[in-house]
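For reference, start.cif is printed below; it contains mmCIF, N, CA and C atoms.
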```
data_start
#
loop_
_atom_site.label_atom_id
_atom_site.label_comp_id
_atom_site.auth_asym_id
_atom_site.auth_seq_id
_atom_site.Cartn_x
_atom_site.Cartn_y
_atom_site.Cartn_z
N MET A 1 64.68 162.62 147.16
CA MET A 1 63.38 162.10 146.79
C MET A 1 62.69 163.00 145.78
N ASN A 2 63.06 164.26 145.77
CA ASN A 2 62.40 165.20 144.86
C ASN A 2 62.83 165.01 143.41
N PHE A 3 63.94 164.35 143.18
CA PHE A 3 64.49 164.26 141.84
C PHE A 3 64.34 162.89 141.20
N ILE A 4 63.60 162.00 141.83
CA ILE A 4 63.42 160.66 141.29
C ILE A 4 62.26 160.67 140.30
N ASP A 5 62.52 160.19 139.10
CA ASP A 5 61.49 160.12 138.06
C ASP A 5 60.79 158.77 138.21
N LEU A 6 59.68 158.76 138.94
CA LEU A 6 59.00 157.51 139.29
C LEU A 6 58.63 156.64 138.09
N PRO A 7 58.14 157.21 136.98
CA PRO A 7 57.78 156.33 135.85
C PRO A 7 58.97 155.57 135.25
N LYS A 8 60.18 156.03 135.50
CA LYS A 8 61.34 155.35 134.95
C LYS A 8 61.87 154.24 135.84
N LEU A 9 61.34 154.12 137.04
CA LEU A 9 61.78 153.06 137.95
C LEU A 9 61.24 151.71 137.49
N ARG A 10 62.04 150.68 137.67
CA ARG A 10 61.57 149.32 137.41
C ARG A 10 60.65 148.91 138.56
N ASN A 11 59.92 147.83 138.36
CA ASN A 11 58.95 147.40 139.37
C ASN A 11 59.57 147.21 140.74
N ALA A 12 60.68 146.50 140.80
CA ALA A 12 61.32 146.24 142.09
C ALA A 12 61.83 147.54 142.71
N GLU A 13 62.37 148.43 141.89
CA GLU A 13 62.87 149.71 142.39
C GLU A 13 61.73 150.57 142.92
N TYR A 14 60.62 150.58 142.18
CA TYR A 14 59.45 151.36 142.61
C TYR A 14 58.91 150.81 143.92
N LEU A 15 58.80 149.51 144.01
CA LEU A 15 58.30 148.89 145.23
C LEU A 15 59.18 149.25 146.42
N GLN A 16 60.49 149.16 146.25
CA GLN A 16 61.40 149.51 147.34
C GLN A 16 61.29 150.99 147.69
N TYR A 17 61.12 151.83 146.67
CA TYR A 17 60.99 153.26 146.90
C TYR A 17 59.77 153.58 147.77
N VAL A 18 58.61 153.01 147.40
CA VAL A 18 57.40 153.32 148.16
C VAL A 18 57.47 152.73 149.57
N LYS A 19 58.12 151.59 149.74
CA LYS A 19 58.28 151.02 151.08
C LYS A 19 59.19 151.92 151.92
N ASP A 20 60.26 152.42 151.33
CA ASP A 20 61.15 153.34 152.05
C ASP A 20 60.42 154.64 152.40
N PHE A 21 59.63 155.14 151.45
CA PHE A 21 58.87 156.36 151.66
C PHE A 21 57.89 156.19 152.82
N SER A 22 57.22 155.06 152.85
CA SER A 22 56.29 154.76 153.93
C SER A 22 57.04 154.68 155.27
N GLY A 23 58.22 154.07 155.23
CA GLY A 23 59.02 153.98 156.45
C GLY A 23 59.43 155.34 156.99
N ILE A 24 59.77 156.24 156.09
CA ILE A 24 60.15 157.59 156.50
C ILE A 24 58.96 158.30 157.13
N ILE A 25 57.80 158.15 156.52
CA ILE A 25 56.59 158.77 157.08
C ILE A 25 56.31 158.21 158.46
N THR A 26 56.44 156.89 158.61
CA THR A 26 56.19 156.24 159.89
C THR A 26 57.14 156.75 160.96
N LEU A 27 58.37 157.00 160.61
CA LEU A 27 59.36 157.53 161.57
C LEU A 27 59.05 158.95 162.01
N ASN A 28 58.27 159.67 161.22
CA ASN A 28 57.97 161.07 161.52
C ASN A 28 56.58 161.27 162.11
N ASN A 29 56.10 160.25 162.79
CA ASN A 29 54.86 160.31 163.55
C ASN A 29 53.66 160.75 162.69
N PRO A 30 53.06 159.83 161.98
CA PRO A 30 51.92 160.16 161.11
C PRO A 30 50.70 160.71 161.87
N ALA A 31 50.57 160.37 163.14
CA ALA A 31 49.43 160.89 163.92
C ALA A 31 49.55 162.40 164.06
N THR A 32 50.75 162.87 164.33
CA THR A 32 50.98 164.31 164.45
C THR A 32 50.73 165.01 163.12
N LEU A 33 51.09 164.34 162.03
CA LEU A 33 50.87 164.91 160.70
C LEU A 33 49.41 164.77 160.24
N GLN A 34 48.62 164.03 161.02
CA GLN A 34 47.20 163.78 160.74
C GLN A 34 47.00 163.07 159.40
N ILE A 35 47.83 162.06 159.17
CA ILE A 35 47.73 161.29 157.92
C ILE A 35 47.65 159.79 158.19
N ASP A 36 47.20 159.41 159.38
CA ASP A 36 47.10 157.99 159.74
C ASP A 36 46.28 157.20 158.74
N ALA A 37 45.10 157.71 158.40
CA ALA A 37 44.19 156.98 157.50
C ALA A 37 44.81 156.85 156.11
N LYS A 38 45.41 157.92 155.63
CA LYS A 38 46.02 157.88 154.30
C LYS A 38 47.24 156.96 154.28
N LEU A 39 48.02 156.98 155.37
CA LEU A 39 49.18 156.10 155.44
C LEU A 39 48.73 154.64 155.48
N SER A 40 47.67 154.35 156.20
CA SER A 40 47.15 153.00 156.26
C SER A 40 46.69 152.52 154.88
N ALA A 41 45.99 153.37 154.15
CA ALA A 41 45.55 153.03 152.79
C ALA A 41 46.77 152.84 151.88
N PHE A 42 47.75 153.70 152.04
CA PHE A 42 48.98 153.61 151.24
C PHE A 42 49.70 152.29 151.50
N ASN A 43 49.80 151.92 152.78
CA ASN A 43 50.46 150.66 153.13
C ASN A 43 49.69 149.45 152.61
N THR A 44 48.36 149.55 152.57
CA THR A 44 47.54 148.48 152.00
C THR A 44 47.86 148.30 150.53
N LYS A 45 47.96 149.41 149.81
CA LYS A 45 48.28 149.36 148.37
C LYS A 45 49.69 148.82 148.16
N ILE A 46 50.61 149.17 149.04
CA ILE A 46 51.99 148.65 148.94
C ILE A 46 51.97 147.13 149.11
N SER A 47 51.19 146.65 150.06
CA SER A 47 51.09 145.19 150.28
C SER A 47 50.52 144.49 149.06
N GLU A 48 49.47 145.11 148.46
CA GLU A 48 48.89 144.53 147.24
C GLU A 48 49.92 144.48 146.12
N LEU A 49 50.65 145.58 145.96
CA LEU A 49 51.68 145.64 144.92
C LEU A 49 52.77 144.60 145.16
N GLU A 50 53.15 144.45 146.42
CA GLU A 50 54.18 143.46 146.76
C GLU A 50 53.72 142.05 146.44
N ASN A 51 52.47 141.74 146.75
CA ASN A 51 51.93 140.41 146.44
C ASN A 51 51.86 140.16 144.94
N LEU A 52 51.48 141.17 144.18
CA LEU A 52 51.45 141.04 142.72
C LEU A 52 52.86 140.82 142.16
N TYR A 53 53.80 141.55 142.69
CA TYR A 53 55.17 141.44 142.21
C TYR A 53 55.75 140.07 142.53
N LYS A 54 55.47 139.55 143.71
CA LYS A 54 55.98 138.23 144.08
C LYS A 54 55.43 137.14 143.16
N LYS A 55 54.18 137.28 142.72
CA LYS A 55 53.61 136.30 141.80
C LYS A 55 54.32 136.34 140.46
N ALA A 56 54.69 137.53 140.02
CA ALA A 56 55.36 137.67 138.73
C ALA A 56 56.74 137.01 138.75
N LEU A 57 57.35 136.96 139.91
CA LEU A 57 58.68 136.35 140.02
C LEU A 57 58.62 134.84 140.17
N GLY A 58 57.46 134.28 140.34
CA GLY A 58 57.34 132.87 140.66
C GLY A 58 57.42 131.93 139.47
N ASN A 59 58.28 132.17 138.54
CA ASN A 59 58.44 131.30 137.38
C ASN A 59 59.22 130.06 137.80
N GLU A 60 58.86 128.91 137.23
CA GLU A 60 59.52 127.65 137.58
C GLU A 60 60.98 127.62 137.14
N LYS A 61 61.35 128.43 136.17
CA LYS A 61 62.72 128.45 135.66
C LYS A 61 63.61 129.39 136.47
N THR A 62 63.03 130.20 137.35
CA THR A 62 63.79 131.19 138.10
C THR A 62 64.94 130.56 138.87
N GLN A 63 64.67 129.49 139.59
CA GLN A 63 65.71 128.86 140.40
C GLN A 63 66.83 128.31 139.53
N ASP A 64 66.47 127.72 138.39
CA ASP A 64 67.49 127.20 137.46
C ASP A 64 68.36 128.34 136.94
N LEU A 65 67.72 129.45 136.59
CA LEU A 65 68.48 130.60 136.08
C LEU A 65 69.40 131.18 137.15
N LEU A 66 68.91 131.24 138.37
CA LEU A 66 69.75 131.74 139.47
C LEU A 66 70.98 130.86 139.68
N LEU A 67 70.79 129.55 139.61
CA LEU A 67 71.91 128.62 139.77
C LEU A 67 72.91 128.75 138.61
N LEU A 68 72.39 128.89 137.39
CA LEU A 68 73.27 129.06 136.23
C LEU A 68 74.02 130.39 136.30
N ASP A 69 73.35 131.44 136.75
CA ASP A 69 74.01 132.73 136.88
C ASP A 69 75.10 132.69 137.94
N GLU A 70 74.82 132.00 139.05
CA GLU A 70 75.83 131.86 140.09
C GLU A 70 77.04 131.07 139.57
N ARG A 71 76.77 130.05 138.77
CA ARG A 71 77.85 129.25 138.18
C ARG A 71 78.70 130.11 137.24
N ARG A 72 78.03 130.95 136.44
CA ARG A 72 78.75 131.84 135.53
C ARG A 72 79.56 132.87 136.32
N ASP A 73 78.97 133.42 137.38
CA ASP A 73 79.70 134.38 138.23
C ASP A 73 80.94 133.73 138.83
N ASN A 74 80.78 132.51 139.33
CA ASN A 74 81.93 131.81 139.91
C ASN A 74 83.00 131.52 138.86
N ALA A 75 82.57 131.22 137.65
CA ALA A 75 83.53 130.94 136.58
C ALA A 75 84.35 132.17 136.24
N ILE A 76 83.71 133.32 136.06
CA ILE A 76 84.46 134.52 135.69
C ILE A 76 85.34 134.98 136.85
N ASN A 77 84.85 134.84 138.07
CA ASN A 77 85.70 135.17 139.23
C ASN A 77 86.87 134.20 139.33
N GLY A 78 86.62 132.94 139.05
CA GLY A 78 87.70 131.94 139.08
C GLY A 78 88.75 132.23 138.03
N ILE A 79 88.32 132.62 136.84
CA ILE A 79 89.28 132.96 135.78
C ILE A 79 90.11 134.16 136.20
N TYR A 80 89.45 135.16 136.75
CA TYR A 80 90.18 136.36 137.20
C TYR A 80 91.24 136.00 138.24
N TYR A 81 90.86 135.24 139.26
CA TYR A 81 91.80 134.92 140.33
C TYR A 81 92.88 133.94 139.86
N PHE A 82 92.54 133.07 138.92
CA PHE A 82 93.54 132.19 138.32
C PHE A 82 94.61 133.04 137.62
N LEU A 83 94.15 134.00 136.83
CA LEU A 83 95.09 134.88 136.12
C LEU A 83 95.88 135.74 137.10
N LEU A 84 95.22 136.22 138.13
CA LEU A 84 95.90 137.03 139.13
C LEU A 84 97.01 136.22 139.80
N GLY A 85 96.72 134.98 140.12
CA GLY A 85 97.73 134.12 140.72
C GLY A 85 98.90 133.88 139.77
N HIS A 86 98.58 133.67 138.49
CA HIS A 86 99.64 133.44 137.51
C HIS A 86 100.43 134.71 137.19
N SER A 87 99.88 135.87 137.53
CA SER A 87 100.64 137.10 137.30
C SER A 87 101.80 137.22 138.28
N TYR A 88 101.88 136.31 139.24
CA TYR A 88 102.99 136.25 140.18
C TYR A 88 103.86 135.00 139.94
N HIS A 89 103.64 134.34 138.82
CA HIS A 89 104.35 133.10 138.51
C HIS A 89 105.84 133.36 138.37
N PHE A 90 106.65 132.37 138.72
CA PHE A 90 108.11 132.53 138.61
C PHE A 90 108.60 132.48 137.17
N GLU A 91 107.81 131.87 136.26
CA GLU A 91 108.19 131.86 134.85
C GLU A 91 107.68 133.14 134.20
N SER A 92 108.60 133.90 133.63
CA SER A 92 108.24 135.22 133.10
C SER A 92 107.22 135.12 131.96
N ASP A 93 107.27 134.06 131.14
CA ASP A 93 106.33 133.92 130.04
C ASP A 93 104.90 133.78 130.56
N LYS A 94 104.70 132.92 131.55
CA LYS A 94 103.36 132.73 132.13
C LYS A 94 102.90 134.00 132.82
N LYS A 95 103.83 134.65 133.47
CA LYS A 95 103.52 135.90 134.17
C LYS A 95 103.04 136.97 133.18
N GLN A 96 103.73 137.12 132.07
CA GLN A 96 103.39 138.12 131.07
C GLN A 96 102.04 137.81 130.41
N LYS A 97 101.82 136.55 130.09
CA LYS A 97 100.56 136.17 129.46
C LYS A 97 99.37 136.39 130.40
N ALA A 98 99.55 136.05 131.67
CA ALA A 98 98.48 136.28 132.65
C ALA A 98 98.21 137.78 132.77
N GLN A 99 99.26 138.58 132.79
CA GLN A 99 99.08 140.02 132.92
C GLN A 99 98.40 140.61 131.68
N LEU A 100 98.72 140.08 130.52
CA LEU A 100 98.09 140.52 129.28
C LEU A 100 96.58 140.26 129.32
N LEU A 101 96.18 139.08 129.78
CA LEU A 101 94.76 138.75 129.89
C LEU A 101 94.07 139.57 130.98
N LEU A 102 94.77 139.80 132.08
CA LEU A 102 94.21 140.64 133.14
C LEU A 102 94.00 142.07 132.66
N ASP A 103 94.96 142.58 131.90
CA ASP A 103 94.83 143.94 131.36
C ASP A 103 93.63 144.03 130.43
N ASN A 104 93.41 142.98 129.63
CA ASN A 104 92.26 142.97 128.75
C ASN A 104 90.96 142.92 129.55
N MET A 105 90.93 142.12 130.60
CA MET A 105 89.74 142.06 131.45
C MET A 105 89.46 143.41 132.10
N ALA A 106 90.52 144.12 132.47
CA ALA A 106 90.37 145.41 133.13
C ALA A 106 89.70 146.44 132.22
N LEU A 107 89.82 146.26 130.91
CA LEU A 107 89.15 147.16 129.98
C LEU A 107 87.64 147.15 130.17
N TYR A 108 87.11 146.05 130.66
CA TYR A 108 85.67 145.88 130.85
C TYR A 108 85.22 146.22 132.27
N GLY A 109 86.13 146.73 133.08
CA GLY A 109 85.79 147.13 134.43
C GLY A 109 85.95 145.99 135.43
N SER A 110 85.94 146.37 136.68
CA SER A 110 86.05 145.35 137.73
C SER A 110 84.65 144.88 138.12
N GLY A 111 84.59 143.72 138.68
CA GLY A 111 83.31 143.19 139.16
C GLY A 111 82.36 142.79 138.05
N ILE A 112 82.85 142.11 137.04
CA ILE A 112 82.00 141.67 135.94
C ILE A 112 80.84 140.81 136.48
N ALA A 113 81.13 139.99 137.46
CA ALA A 113 80.10 139.09 138.01
C ALA A 113 79.00 139.84 138.75
N ARG A 114 79.23 141.09 139.10
CA ARG A 114 78.21 141.86 139.81
C ARG A 114 77.28 142.63 138.87
N LEU A 115 77.55 142.57 137.58
CA LEU A 115 76.70 143.27 136.61
C LEU A 115 75.35 142.56 136.50
N ASN A 116 74.35 143.26 135.98
CA ASN A 116 73.07 142.59 135.76
C ASN A 116 73.23 141.58 134.63
N TYR A 117 72.23 140.71 134.46
CA TYR A 117 72.34 139.60 133.52
C TYR A 117 72.75 140.05 132.11
N GLN A 118 72.05 141.05 131.59
CA GLN A 118 72.30 141.47 130.22
C GLN A 118 73.68 142.09 130.06
N ALA A 119 74.06 142.95 131.00
CA ALA A 119 75.37 143.61 130.92
C ALA A 119 76.49 142.59 131.08
N GLU A 120 76.31 141.63 131.98
CA GLU A 120 77.32 140.60 132.17
C GLU A 120 77.46 139.74 130.91
N THR A 121 76.34 139.39 130.30
CA THR A 121 76.38 138.60 129.07
C THR A 121 77.11 139.35 127.97
N ALA A 122 76.78 140.62 127.78
CA ALA A 122 77.43 141.42 126.74
C ALA A 122 78.93 141.55 127.01
N THR A 123 79.29 141.79 128.25
CA THR A 123 80.70 141.94 128.62
C THR A 123 81.46 140.64 128.37
N LEU A 124 80.89 139.53 128.80
CA LEU A 124 81.58 138.24 128.60
C LEU A 124 81.68 137.89 127.12
N ASN A 125 80.65 138.19 126.34
CA ASN A 125 80.73 137.94 124.90
C ASN A 125 81.85 138.75 124.26
N ASN A 126 81.98 140.02 124.67
CA ASN A 126 83.06 140.85 124.13
C ASN A 126 84.43 140.35 124.57
N LEU A 127 84.52 139.92 125.81
CA LEU A 127 85.78 139.39 126.33
C LEU A 127 86.18 138.12 125.58
N ILE A 128 85.23 137.24 125.34
CA ILE A 128 85.50 136.00 124.60
C ILE A 128 85.93 136.31 123.17
N LYS A 129 85.26 137.29 122.54
CA LYS A 129 85.65 137.68 121.18
C LYS A 129 87.08 138.19 121.16
N ASP A 130 87.43 139.01 122.15
CA ASP A 130 88.81 139.50 122.24
C ASP A 130 89.79 138.33 122.33
N TRP A 131 89.51 137.40 123.22
CA TRP A 131 90.43 136.31 123.47
C TRP A 131 90.51 135.35 122.29
N GLU A 132 89.44 135.26 121.52
CA GLU A 132 89.45 134.38 120.34
C GLU A 132 90.06 135.04 119.11
N ASN A 133 89.84 136.35 118.95
CA ASN A 133 90.19 137.01 117.70
C ASN A 133 91.49 137.81 117.72
N LYS A 134 91.97 138.16 118.88
CA LYS A 134 93.24 138.90 118.95
C LYS A 134 94.35 137.88 119.17
N PRO A 135 95.26 137.78 118.22
CA PRO A 135 96.28 136.72 118.26
C PRO A 135 97.09 136.71 119.56
N GLU A 136 97.48 137.88 120.08
CA GLU A 136 98.29 137.89 121.29
C GLU A 136 97.50 137.39 122.50
N LEU A 137 96.19 137.68 122.54
CA LEU A 137 95.36 137.19 123.63
C LEU A 137 95.05 135.70 123.46
N ASN A 138 94.82 135.30 122.23
CA ASN A 138 94.57 133.88 121.96
C ASN A 138 95.78 133.06 122.34
N ASP A 139 96.95 133.55 122.05
CA ASP A 139 98.19 132.87 122.41
C ASP A 139 98.35 132.82 123.93
N ALA A 140 97.95 133.90 124.60
CA ALA A 140 98.06 133.95 126.06
C ALA A 140 97.13 132.94 126.73
N VAL A 141 95.98 132.75 126.13
CA VAL A 141 95.02 131.77 126.68
C VAL A 141 95.64 130.38 126.60
#
```
Just give me the structure as structure tokens.
Amino acid sequence: MNFIDLPKLRNAEYLQYVKDFSGIITLNNPATLQIDAKLSAFNTKISELENLYKKALGNEKTQDLLLLDERRDNAINGIYYFLLGHSYHFESDKKQKAQLLLDNMALYGSGIARLNYQAETATLNNLIKDWENKPELNDAV
């Protein structure tokens, strides 16, 4: 806790941090520490912050974006497992092509679908460029 640079935390991270901090204080008996009043005021401010943050997330497009992101995650996972399955194919040509594409995907790390929106978008754009512009990968597709 001593090494966290609070101004660099994002809103959700900061909110979680202060909630965890409050929880730790609560576990260590605030009455004994004689900070009941201050902890109560702190928890009130945390609640206010949480309510403000929830309002900021309440965009009408949020649900649509979450569904589209889940669809994209399922697509990239499906492609990975499709290729993984074909890497065991009895035809050596299909096996080699699947392995070539898997090796290229591995360059971008595992768990592409678990990346944040921006990182996942950048990774998928680079992967698509590879598959479109490198003749051996384009042929494998």
### Message
Between atom CA of A:Lys38 and atom C of A:Leu15, what distance in Å does the model show, to one decimal?
### Response
17.6 Å
Please write as an mmCIF file with N, CA and C atoms, keeping the file's coordinate frame the full residue list that the PyMOL selection byres (((chain A and resi 109-123 and name CA) around 8) and name CA) yields on this file.
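Okay, this is what ended up in out_17.cif:
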```cif
data_model
loop_
_atom_site.group_PDB
_atom_site.id
_atom_site.type_symbol
_atom_site.label_atom_id
_atom_site.label_comp_id
_atom_site.auth_asym_id
_atom_site.auth_seq_id
_atom_site.Cartn_x
_atom_site.Cartn_y
_atom_site.Cartn_z
ATOM 1 N N ASP A 69 73.350 131.440 136.750
ATOM 2 C CA ASP A 69 74.010 132.730 136.880
ATOM 3 C C ASP A 69 75.100 132.690 137.940
ATOM 4 N N ARG A 72 78.030 130.950 136.440
ATOM 5 C CA ARG A 72 78.750 131.840 135.530
ATOM 6 C C ARG A 72 79.560 132.870 136.320
ATOM 7 N N ASP A 73 78.970 133.420 137.380
ATOM 8 C CA ASP A 73 79.700 134.380 138.230
ATOM 9 C C ASP A 73 80.940 133.730 138.830
ATOM 10 N N ASN A 74 80.780 132.510 139.330
ATOM 11 C CA ASN A 74 81.930 131.810 139.910
ATOM 12 C C ASN A 74 83.000 131.520 138.860
ATOM 13 N N ILE A 76 83.710 133.320 136.060
ATOM 14 C CA ILE A 76 84.460 134.520 135.690
ATOM 15 C C ILE A 76 85.340 134.980 136.850
ATOM 16 N N ASN A 77 84.850 134.840 138.070
ATOM 17 C CA ASN A 77 85.700 135.170 139.230
ATOM 18 C C ASN A 77 86.870 134.200 139.330
ATOM 19 N N MET A 105 90.930 142.120 130.600
ATOM 20 C CA MET A 105 89.740 142.060 131.450
ATOM 21 C C MET A 105 89.460 143.410 132.100
ATOM 22 N N ALA A 106 90.520 144.120 132.470
ATOM 23 C CA ALA A 106 90.370 145.410 133.130
ATOM 24 C C ALA A 106 89.700 146.440 132.220
ATOM 25 N N LEU A 107 89.820 146.260 130.910
ATOM 26 C CA LEU A 107 89.150 147.160 129.980
ATOM 27 C C LEU A 107 87.640 147.150 130.170
ATOM 28 N N TYR A 108 87.110 146.050 130.660
ATOM 29 C CA TYR A 108 85.670 145.880 130.850
ATOM 30 C C TYR A 108 85.220 146.220 132.270
ATOM 31 N N LEU A 124 80.890 139.530 128.800
ATOM 32 C CA LEU A 124 81.580 138.240 128.600
ATOM 33 C C LEU A 124 81.680 137.890 127.120
ATOM 34 N N ASN A 125 80.650 138.190 126.340
ATOM 35 C CA ASN A 125 80.730 137.940 124.900
ATOM 36 C C ASN A 125 81.850 138.750 124.260
ATOM 37 N N ASN A 126 81.980 140.020 124.670
ATOM 38 C CA ASN A 126 83.060 140.850 124.130
ATOM 39 C C ASN A 126 84.430 140.350 124.570
ATOM 40 N N LEU A 127 84.520 139.920 125.810
ATOM 41 C CA LEU A 127 85.780 139.390 126.330
ATOM 42 C C LEU A 127 86.180 138.120 125.580
#
```
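Within the 12 Å cut-off around A:Gln16, using only C-alpha atoms and omitting residues fewer than 3 positions from it on the same chain, the listed residues are A:Leu6, A:Leu9, A:Arg10, A:Asn11, A:Ala12, A:Glu13, A:Lys19, A:Asp20, A:Phe21, A:Ser22, A:Gly23, A:Ile46, A:Ser47, A:Leu49, A:Glu50, A:Tyr53.
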### Query
What is the atom C of A:Asn43-atom C of A:Asn28 distance in Å, reported with one decimal?
16.7 Å
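We find atom CA of A:Leu83 and atom CA of A:Leu67 to be spaced 24.3 Å apart.
Close contacts of A:Gly85, defined as residues with an atom at most 9 Å away when counting only C-alpha atoms, with chain neighbours fewer than 4 positions off set aside, comprise Tyr80, Tyr81, His89, Lys95 and Ala98 of chain A.
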Could you turn the residues from that selection into a file that holds N, CA and C atoms, as a PDB file, in the coordinates of the input?
```pdb
ATOM      1  N   TYR A  80      89.450 135.160 136.750  1.00  0.00           N
ATOM      2  CA  TYR A  80      90.180 136.360 137.200  1.00  0.00           C
ATOM      3  C   TYR A  80      91.240 136.000 138.240  1.00  0.00           C
ATOM      4  N   TYR A  81      90.860 135.240 139.260  1.00  0.00           N
ATOM      5  CA  TYR A  81      91.800 134.920 140.330  1.00  0.00           C
ATOM      6  C   TYR A  81      92.880 133.940 139.860  1.00  0.00           C
ATOM      7  N   HIS A  89     103.640 134.340 138.820  1.00  0.00           N
ATOM      8  CA  HIS A  89     104.350 133.100 138.510  1.00  0.00           C
ATOM      9  C   HIS A  89     105.840 133.360 138.370  1.00  0.00           C
ATOM     10  N   LYS A  95     103.830 134.650 133.470  1.00  0.00           N
ATOM     11  CA  LYS A  95     103.520 135.900 134.170  1.00  0.00           C
ATOM     12  C   LYS A  95     103.040 136.970 133.180  1.00  0.00           C
ATOM     13  N   ALA A  98      99.550 136.050 131.670  1.00  0.00           N
ATOM     14  CA  ALA A  98      98.480 136.280 132.650  1.00  0.00           C
ATOM     15  C   ALA A  98      98.210 137.780 132.770  1.00  0.00           C
TER      16      ALA A  98
END
```
### Task
Run through the PyMOL selection byres (((chain A and resi 131 and name CA) around 12) and name CA) on the given coordinates and return the selected residues as a PyMOL selection string.
chain A and resi 97+100-105+124-130+132-141
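Backbone DSSP over stretch 90-123 of chain A gives alpha helix (DSSP H) for Ser92, Asp93, Lys94, Lys95, Gln96, Lys97, Ala98, Gln99, Leu100, Leu101, Leu102, Asp103, Asn104, Met105, Ala106, Tyr117, Gln118, Ala119, Glu120, Thr121, Ala122 and Thr123 of chain A.
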Pull N, CA and C atoms from the residues just selected and write them as a CSV table (one decimal), keeping the file's coordinate frame.
```
chain,number,residue,atom,x,y,z
A,92,SER,N,108.6,133.9,133.6
A,92,SER,CA,108.2,135.2,133.1
A,92,SER,C,107.2,135.1,132.0
A,93,ASP,N,107.3,134.1,131.1
A,93,ASP,CA,106.3,133.9,130.0
A,93,ASP,C,104.9,133.8,130.6
A,94,LYS,N,104.7,132.9,131.6
A,94,LYS,CA,103.4,132.7,132.1
A,94,LYS,C,102.9,134.0,132.8
A,95,LYS,N,103.8,134.6,133.5
A,95,LYS,CA,103.5,135.9,134.2
A,95,LYS,C,103.0,137.0,133.2
A,96,GLN,N,103.7,137.1,132.1
A,96,GLN,CA,103.4,138.1,131.1
A,96,GLN,C,102.0,137.8,130.4
A,97,LYS,N,101.8,136.6,130.1
A,97,LYS,CA,100.6,136.2,129.5
A,97,LYS,C,99.4,136.4,130.4
A,98,ALA,N,99.6,136.0,131.7
A,98,ALA,CA,98.5,136.3,132.6
A,98,ALA,C,98.2,137.8,132.8
A,99,GLN,N,99.3,138.6,132.8
A,99,GLN,CA,99.1,140.0,132.9
A,99,GLN,C,98.4,140.6,131.7
A,100,LEU,N,98.7,140.1,130.5
A,100,LEU,CA,98.1,140.5,129.3
A,100,LEU,C,96.6,140.3,129.3
A,101,LEU,N,96.2,139.1,129.8
A,101,LEU,CA,94.8,138.8,129.9
A,101,LEU,C,94.1,139.6,131.0
A,102,LEU,N,94.8,139.8,132.1
A,102,LEU,CA,94.2,140.6,133.1
A,102,LEU,C,94.0,142.1,132.7
A,103,ASP,N,95.0,142.6,131.9
A,103,ASP,CA,94.8,143.9,131.4
A,103,ASP,C,93.6,144.0,130.4
A,104,ASN,N,93.4,143.0,129.6
A,104,ASN,CA,92.3,143.0,128.8
A,104,ASN,C,91.0,142.9,129.6
A,105,MET,N,90.9,142.1,130.6
A,105,MET,CA,89.7,142.1,131.4
A,105,MET,C,89.5,143.4,132.1
A,106,ALA,N,90.5,144.1,132.5
A,106,ALA,CA,90.4,145.4,133.1
A,106,ALA,C,89.7,146.4,132.2
A,117,TYR,N,72.2,140.7,134.5
A,117,TYR,CA,72.3,139.6,133.5
A,117,TYR,C,72.8,140.0,132.1
A,118,GLN,N,72.0,141.0,131.6
A,118,GLN,CA,72.3,141.5,130.2
A,118,GLN,C,73.7,142.1,130.1
A,119,ALA,N,74.1,143.0,131.0
A,119,ALA,CA,75.4,143.6,130.9
A,119,ALA,C,76.5,142.6,131.1
A,120,GLU,N,76.3,141.6,132.0
A,120,GLU,CA,77.3,140.6,132.2
A,120,GLU,C,77.5,139.7,130.9
A,121,THR,N,76.3,139.4,130.3
A,121,THR,CA,76.4,138.6,129.1
A,121,THR,C,77.1,139.4,128.0
A,122,ALA,N,76.8,140.6,127.8
A,122,ALA,CA,77.4,141.4,126.7
A,122,ALA,C,78.9,141.6,127.0
A,123,THR,N,79.3,141.8,128.2
A,123,THR,CA,80.7,141.9,128.6
A,123,THR,C,81.5,140.6,128.4
```
